[in-house]
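Engineer: Below is one structure. I have some questions about it.
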Number of protein chains: 2
Amino acid sequence: MSGPLTGIRVLDLTTIVSGPLATMILADQGADVIKIEPPQGEQLRRMGISHNGMTTSFLSANRSKRSLSVDLKSAAGLEIMRKLVATADVLVQNFRPGTIERMGLGEAEVRALRPDIVFVSISGFGERGPYADRRVYDPVIQALSGLADIQADRDTGRPRMVRTIIPDKTTAVTAAQAITAALFARERSGEGQHVRLAMLDTMVAYLWPEGMSALSYVGHEADPARGQMGLDLVYETQDHYITAGAVSDAEWAGMCRALERPDLLEDERFRTSEARSRHVPERRAVTSEEIARWPSAELLRRFAAEGVPCAPVLTRVELLDNEQVRANEILEVHDDPRLGRVRQPRPAARFDRTPAAIQRMAPFLGADNAAILGELGYSRAEIAVFAREGVLGGEGA
Amino acid sequence: MSGPLTGIRVLDLTTIVSGPLATMILADQGADVIKIEPPQGEQLRRMGISHNGMTTSFLSANRSKRSLSVDLKSAAGLEIMRKLVATADVLVQNFRPGTIERMGLGEAEVRALRPDIVFVSISGFGERGPYADRRVYDPVIQALSGLADIQADRDTGRPRMVRTIIPDKTTAVTAAQAITAALFARERSGEGQHVRLAMLDTMVAYLWPEGMSALSYVGHEADPARGQMGLDLVYETQDHYITAGAVSDAEWAGMCRALERPDLLEDERFRTSEARSRHVPERRAVTSEEIARWPSAELLRRFAAEGVPCAPVLTRVELLDNEQVRANEILEVHDDPRLGRVRQPRPAARFDRTPAAIQRMAPFLGADNAAILGELGYSRAEIAVFAREGVLGGEGA
């Protein structure tokens, strides 16, 4: 079975997260993604928890790809890369501005070898402006994009980071969409193009709806916090944390019945949606107190029966065995000859005719050197010389 | 100028956020997205801050679209919809499972009218399993997907929500990518398909890299918190909040020089990267104390000069005038005859041959009724009858 992007070849020169995750989405959808790394491998191979020679971070951002480890600073390595470019539909890079040109692989050189290629540049801050040449870390974009302001402590006003790399990951999904759109356009026009994407731009566009949209009307700006999620709807039961929310009259009535407090339906402070929104702290106090009297499983059953949106707050370990996560077959376990049994989430979107799928685990460094060079017409003898001379790295060396 | 998806027609039957944002991405990229709403309009038209008859929330999730307001429960309304389906490339819906079939617009009916359509179903929990029929709110997915666990308070362990609707928005971007991939596949095969996407599945796949990847090796699971962003890197200066991080030896040395504390370079607790990671609280304490002595602007200049990744933590209002946000031309102001001057972020990805662009502001309800029905071959007289009889709503009525 093949995915929607079968037949597309992507050269992936990216590192860390935003680029690798973007191309992994394409790889799961059937594209032949060749991850190109220097002989020492990229940084993510050395970050995080390692098992049987593969870090969990590299594994989870590079599955379904093939690996070519080649020294692009050597003349022979650059020549291999140029031959590969001629066979590619997409090239993705996330070096700092100017670097790819110095490597001899700028858009002009690449397009001369493959005129209709989709050339993709992912950056932290864009190619101009005071931050353009700076190093980027995810928290820097959280700080600049308003995300740390959105997460600010309600009481003290102190900004806070979100403790997962939202800017890196959102840039990845946004880049995958843009690359796919450029491939679609090429299919109709025959022409490739240059797609540029900055993490900062991505995050402002992503956060604006709801998070910043109160700033839309020039001269009539409102406090953006008014558009945000009102409460931190986490409640503690006898034995666990849950979330539950009652917005409509019907949901509020259901919540009162489930909590065996029908008297609250008569409480003037909570009778209408408008009254409830004027008495948020009081309502929060009374619901917290009532919820704390119940065991989670029983209360969640009662809420669900009354049509009150609710769920347990799962830890990541609990999530592995959650009944809905299982019903959706979100987590797959793959047997890999070297890595053992590996758990990964399947691609989220299900395509009924061209299913996306985890094609294979992330490759060890240089695992596909010989196969890829063979496809380019190099002989076994030539490949052996490259390996000996350090033009190829990792397992191909 | 036209975007990469020019020539594609999308029928958008979605409400609130995950669906509308997905199709807005396609609309900015040139697709003709027709937002189809009942005569009373969708809920988002009544949520949030309203100005000149348009809420900021609807505005920011529905720009670049056209609006058709039609009563699909009437025979004439359904017939209009069926004619429209025959002209469409994509239909997107996010009703609860089973609803679209009861409306007479299930995949079988739609495919009979347009055999190669891409039919897209976005749901909260998927189509099977114990949660399938429940109402979904963003916090429910935050609770189930591990996001509230990732954001848990370090000291108390109490889970916390992220205060922006990450599941809704990430599902939107993921859906836009999947739809585009299905359009690409159709271009090559001539065949449409059904694409299904659940918010829960999307969030597990999105959070896994880095947020959950420590659970990848079955039988060798590690604490997933080990993969997370280590510290909340927000510091208070004399006059503002900033972020700054020193990971490598060079960055740490730069930070010590910038803070005029070269003596820290000799401190045994911080001499190597390994030592620094064993003394995180001590390092955090000393850097916090030193950073607090400086005014922000001066310290950020010093950090930047020393190659230390850093940025001010901007409020959303400050962001509007930030020099890098301006250099990237992220925010555009459009003059709209009815709404006045409207600020919106441009689409993040820049395509050099087929630029994406904000095509127009979000439409008032039914604003394009007459134009769309005219394209389908209805006469002015027929349209007037439909309006009078309540088959059409909003401005077309």
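Each chain in the structure tokens gets a letter, A, B and so on, in the order shown; residues start at 1 in every chain, and ligands are counted from 1 in the order they appear.
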Just the strand (DSSP E or B) stuff from region 329-373 of chain B, please, per backbone DSSP, written as a ChimeraX atom specification.

Structural biologist: /B:331-336,340-345,350-351

Engineer: Please, could you write that set of residues out with N, CA and C atoms as a PDB file, in the first residue's frame?

Structural biologist:
ATOM      1  N   LEU B 331       2.425  41.201  10.162  1.00  0.00           N
ATOM      2  CA  LEU B 331       1.080  41.735  10.363  1.00  0.00           C
ATOM      3  C   LEU B 331       0.714  42.690   9.237  1.00  0.00           C
ATOM      4  N   GLU B 332      -0.441  42.460   8.666  1.00  0.00           N
ATOM      5  CA  GLU B 332      -0.947  43.307   7.587  1.00  0.00           C
ATOM      6  C   GLU B 332      -2.171  44.053   8.102  1.00  0.00           C
ATOM      7  N   VAL B 333      -2.362  45.259   7.602  1.00  0.00           N
ATOM      8  CA  VAL B 333      -3.593  45.988   7.907  1.00  0.00           C
ATOM      9  C   VAL B 333      -4.366  46.157   6.599  1.00  0.00           C
ATOM     10  N   HIS B 334      -5.582  45.644   6.596  1.00  0.00           N
ATOM     11  CA  HIS B 334      -6.437  45.728   5.403  1.00  0.00           C
ATOM     12  C   HIS B 334      -7.560  46.725   5.650  1.00  0.00           C
ATOM     13  N   ASP B 335      -7.841  47.529   4.630  1.00  0.00           N
ATOM     14  CA  ASP B 335      -8.970  48.453   4.719  1.00  0.00           C
ATOM     15  C   ASP B 335     -10.195  47.764   4.153  1.00  0.00           C
ATOM     16  N   ASP B 336     -11.189  47.591   5.005  1.00  0.00           N
ATOM     17  CA  ASP B 336     -12.408  46.928   4.542  1.00  0.00           C
ATOM     18  C   ASP B 336     -13.551  47.941   4.613  1.00  0.00           C
ATOM     19  N   GLY B 340     -13.706  48.469   8.476  1.00  0.00           N
ATOM     20  CA  GLY B 340     -12.671  49.441   8.798  1.00  0.00           C
ATOM     21  C   GLY B 340     -11.289  48.821   8.644  1.00  0.00           C
ATOM     22  N   ARG B 341     -10.342  49.328   9.435  1.00  0.00           N
ATOM     23  CA  ARG B 341      -8.971  48.832   9.316  1.00  0.00           C
ATOM     24  C   ARG B 341      -8.817  47.572  10.165  1.00  0.00           C
ATOM     25  N   VAL B 342      -8.423  46.494   9.496  1.00  0.00           N
ATOM     26  CA  VAL B 342      -8.364  45.192  10.153  1.00  0.00           C
ATOM     27  C   VAL B 342      -6.934  44.667  10.109  1.00  0.00           C
ATOM     28  N   ARG B 343      -6.440  44.244  11.267  1.00  0.00           N
ATOM     29  CA  ARG B 343      -5.093  43.688  11.384  1.00  0.00           C
ATOM     30  C   ARG B 343      -5.183  42.163  11.355  1.00  0.00           C
ATOM     31  N   GLN B 344      -4.380  41.529  10.510  1.00  0.00           N
ATOM     32  CA  GLN B 344      -4.332  40.070  10.458  1.00  0.00           C
ATOM     33  C   GLN B 344      -2.901  39.641  10.162  1.00  0.00           C
ATOM     34  N   PRO B 345      -2.498  38.458  10.652  1.00  0.00           N
ATOM     35  CA  PRO B 345      -1.179  37.942  10.273  1.00  0.00           C
ATOM     36  C   PRO B 345      -1.261  37.336   8.880  1.00  0.00           C
ATOM     37  N   ARG B 350       5.879  31.503   2.695  1.00  0.00           N
ATOM     38  CA  ARG B 350       5.997  32.367   1.520  1.00  0.00           C
ATOM     39  C   ARG B 350       6.367  31.505   0.309  1.00  0.00           C
ATOM     40  N   PHE B 351       5.532  31.551  -0.720  1.00  0.00           N
ATOM     41  CA  PHE B 351       5.762  30.825  -1.969  1.00  0.00           C
ATOM     42  C   PHE B 351       6.222  31.847  -2.997  1.00  0.00           C
TER      43      PHE B 351
END

Engineer: Taking 3 positions as the minimum chain separation for residues in the same chain, which residues sit within 8 Å of Arg316 (chain A) when counting only C-alpha atoms? Answer as a list in words.

Structural biologist: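 Here the qualifying residues turn out to be Leu319 and Leu320 of chain A; Ser145, Gly146, Asp149, Met212 and Pro224 of chain B.
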
Engineer: For the residues in that selection, give me N, CA and C atoms as a JSON list (two decimals), in the first residue's frame.

Structural biologist:
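As written to disk, again-v4.json reads:
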[["chain", "number", "residue", "atom", "x", "y", "z"],
["A", 319, "LEU", "N", -2.04, 7.22, 29.44],
["A", 319, "LEU", "CA", -2.56, 7.36, 28.08],
["A", 319, "LEU", "C", -2.35, 6.09, 27.25],
["A", 320, "LEU", "N", -1.24, 5.39, 27.50],
["A", 320, "LEU", "CA", -0.91, 4.20, 26.71],
["A", 320, "LEU", "C", -2.04, 3.16, 26.75],
["B", 145, "SER", "N", -4.90, 13.82, 25.99],
["B", 145, "SER", "CA", -3.75, 13.62, 25.09],
["B", 145, "SER", "C", -2.40, 13.73, 25.78],
["B", 146, "GLY", "N", -2.40, 14.06, 27.08],
["B", 146, "GLY", "CA", -1.12, 14.22, 27.76],
["B", 146, "GLY", "C", -0.64, 15.65, 27.83],
["B", 149, "ASP", "N", -0.73, 16.97, 31.30],
["B", 149, "ASP", "CA", 0.32, 16.32, 32.09],
["B", 149, "ASP", "C", 1.67, 16.97, 31.80],
["B", 212, "MET", "N", 6.69, 12.79, 24.52],
["B", 212, "MET", "CA", 6.38, 11.43, 24.98],
["B", 212, "MET", "C", 7.37, 10.41, 24.47],
["B", 224, "PRO", "N", 8.79, 10.29, 30.85],
["B", 224, "PRO", "CA", 8.69, 11.20, 29.69],
["B", 224, "PRO", "C", 9.10, 12.62, 30.02]]

Engineer: Measuring between only C-alpha atoms, which one of A:Leu264, A:Ala185, A:Leu299, A:Ala253 shows the shortest distance to chain B?

Structural biologist: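 Between A:Leu264, A:Ala185, A:Leu299, A:Ala253, the residue approaching chain B most closely is A:Ala185.
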
Engineer: For CA of Arg66 (chain A) and CA of Asp368 (chain A), quote the distance in Å rounded to one decimal.

Structural biologist: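 Computed distance, CA of Arg66 (chain A) to CA of Asp368 (chain A), equals 5.9 Å.
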
Engineer: Looking at B:Phe270, B:Tyr235, B:Trp294, B:Tyr131, which one is nearest to Val325 (chain A), with distances taken over only C-alpha atoms?

Structural biologist: B:Tyr131

Engineer: Have a look at CA of Ile122 (chain A) and CA of Ala205 (chain B) and let me know their distance in Å, one decimal.

Structural biologist: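 Value for the CA of Ile122 (chain A)-CA of Ala205 (chain B) distance: 21.3 Å.
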
Engineer: Which residues come within 7 Å of Ser121 (chain B), counting only C-alpha atoms, excluding same-chain residues fewer than 5 positions away, as a ChimeraX atom specification?

Structural biologist: /B:92-94,195-197

Engineer: Kindly export the residues of the current selection with C-alpha atoms, as an mmCIF file, in the first residue's frame.

Structural biologist:
data_model
loop_
_atom_site.group_PDB
_atom_site.id
_atom_site.type_symbol
_atom_site.label_atom_id
_atom_site.label_comp_id
_atom_site.auth_asym_id
_atom_site.auth_seq_id
_atom_site.Cartn_x
_atom_site.Cartn_y
_atom_site.Cartn_z
ATOM 1 C CA VAL B 92 -14.973 19.236 4.749
ATOM 2 C CA GLN B 93 -17.298 18.564 7.676
ATOM 3 C CA ASN B 94 -16.823 18.275 11.428
ATOM 4 C CA VAL B 195 -9.703 11.564 4.766
ATOM 5 C CA ARG B 196 -10.541 11.167 8.453
ATOM 6 C CA LEU B 197 -8.851 13.007 11.280
#

Engineer: Please provide the set of residues having any atom within 12 Å of Val280 (chain A), restricted to only C-alpha atoms, with same-chain residues fewer than 2 positions apart removed, written as a ChimeraX atom specification.

Structural biologist: /A:230-233,246-247,269-270,273-278,282-288

Engineer: Hey, what's within 10 Å of Glu260 (chain A) if we count only C-alpha atoms and toss same-chain stuff fewer than 5 positions away? As a list in words, please?

Structural biologist: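 Listing them by chain and then by number gives Gly254, Met255 and Glu290 of chain A.
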
Engineer: Restricted to N, CA and C atoms, what would the selected residues look like written as a short mmCIF file (atom, residue, chain, number, x, y, z; two decimals), in the first residue's frame?

Structural biologist:
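part.cif, written as the output of this step:
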data_model
loop_
_atom_site.label_atom_id
_atom_site.label_comp_id
_atom_site.auth_asym_id
_atom_site.auth_seq_id
_atom_site.Cartn_x
_atom_site.Cartn_y
_atom_site.Cartn_z
N GLY A 254 -27.13 19.29 33.66
CA GLY A 254 -26.60 17.93 33.75
C GLY A 254 -25.54 17.81 34.84
N MET A 255 -24.70 18.83 34.93
CA MET A 255 -23.65 18.80 35.94
C MET A 255 -24.26 18.83 37.35
N GLU A 290 -17.72 20.06 45.26
CA GLU A 290 -18.58 18.90 45.02
C GLU A 290 -17.83 17.78 44.31
#

Engineer: Might you pull out every residue within 7 Å of region 384-393 of chain A, with only C-alpha atoms counted and same-chain residues fewer than 6 positions away left off, and present them as a PyMOL selection string?

Structural biologist: chain A and resi 39-40+69-71+74+76-77+366

Engineer: Quick one: everything within 9 Å of Leu314 (chain B), counting only C-alpha atoms, minus sequence neighbours fewer than 2 positions away in the same chain. Send it as a PyMOL selection string.

Structural biologist: (chain A and resi 143-149+159) or (chain B and resi 241-242+311-312+316-319+322)

Engineer: Can you tell me how far CA of Ile36 (chain A) sits from CA of Asp89 (chain A), in Å to one decimal?

Structural biologist: 15.1 Å

Engineer: Quick one: DSSP alpha helix (DSSP H) residues in region 44-243 of chain B, as a ChimeraX atom specification?

Structural biologist: /B:56-59,75-85,99-102,107-113,138-145,147-150,166-189,199-207

Engineer: Counting only C-alpha atoms, which residue out of A:Val85, A:Leu105, A:Leu72, A:Ala22 sits closest to chain B?

Structural biologist: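 Looking at the shortest contact to chain B, the residue is A:Ala22.
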
Engineer: Calculated over only C-alpha atoms, which of the candidates B:Leu183, B:Ala152, B:Leu200, B:Leu207 has the smallest distance to Leu5 (chain A)?

Structural biologist: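 Between B:Leu183, B:Ala152, B:Leu200, B:Leu207, the residue approaching Leu5 (chain A) most closely is B:Leu183.
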
Engineer: Using only C-alpha atoms for the distances, tell me which of B:Ala182, B:Leu215, B:Ala27, B:Val17 is nearest to Ala357 (chain B).

Structural biologist: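 Selected residue with least distance to Ala357 (chain B): B:Ala27.
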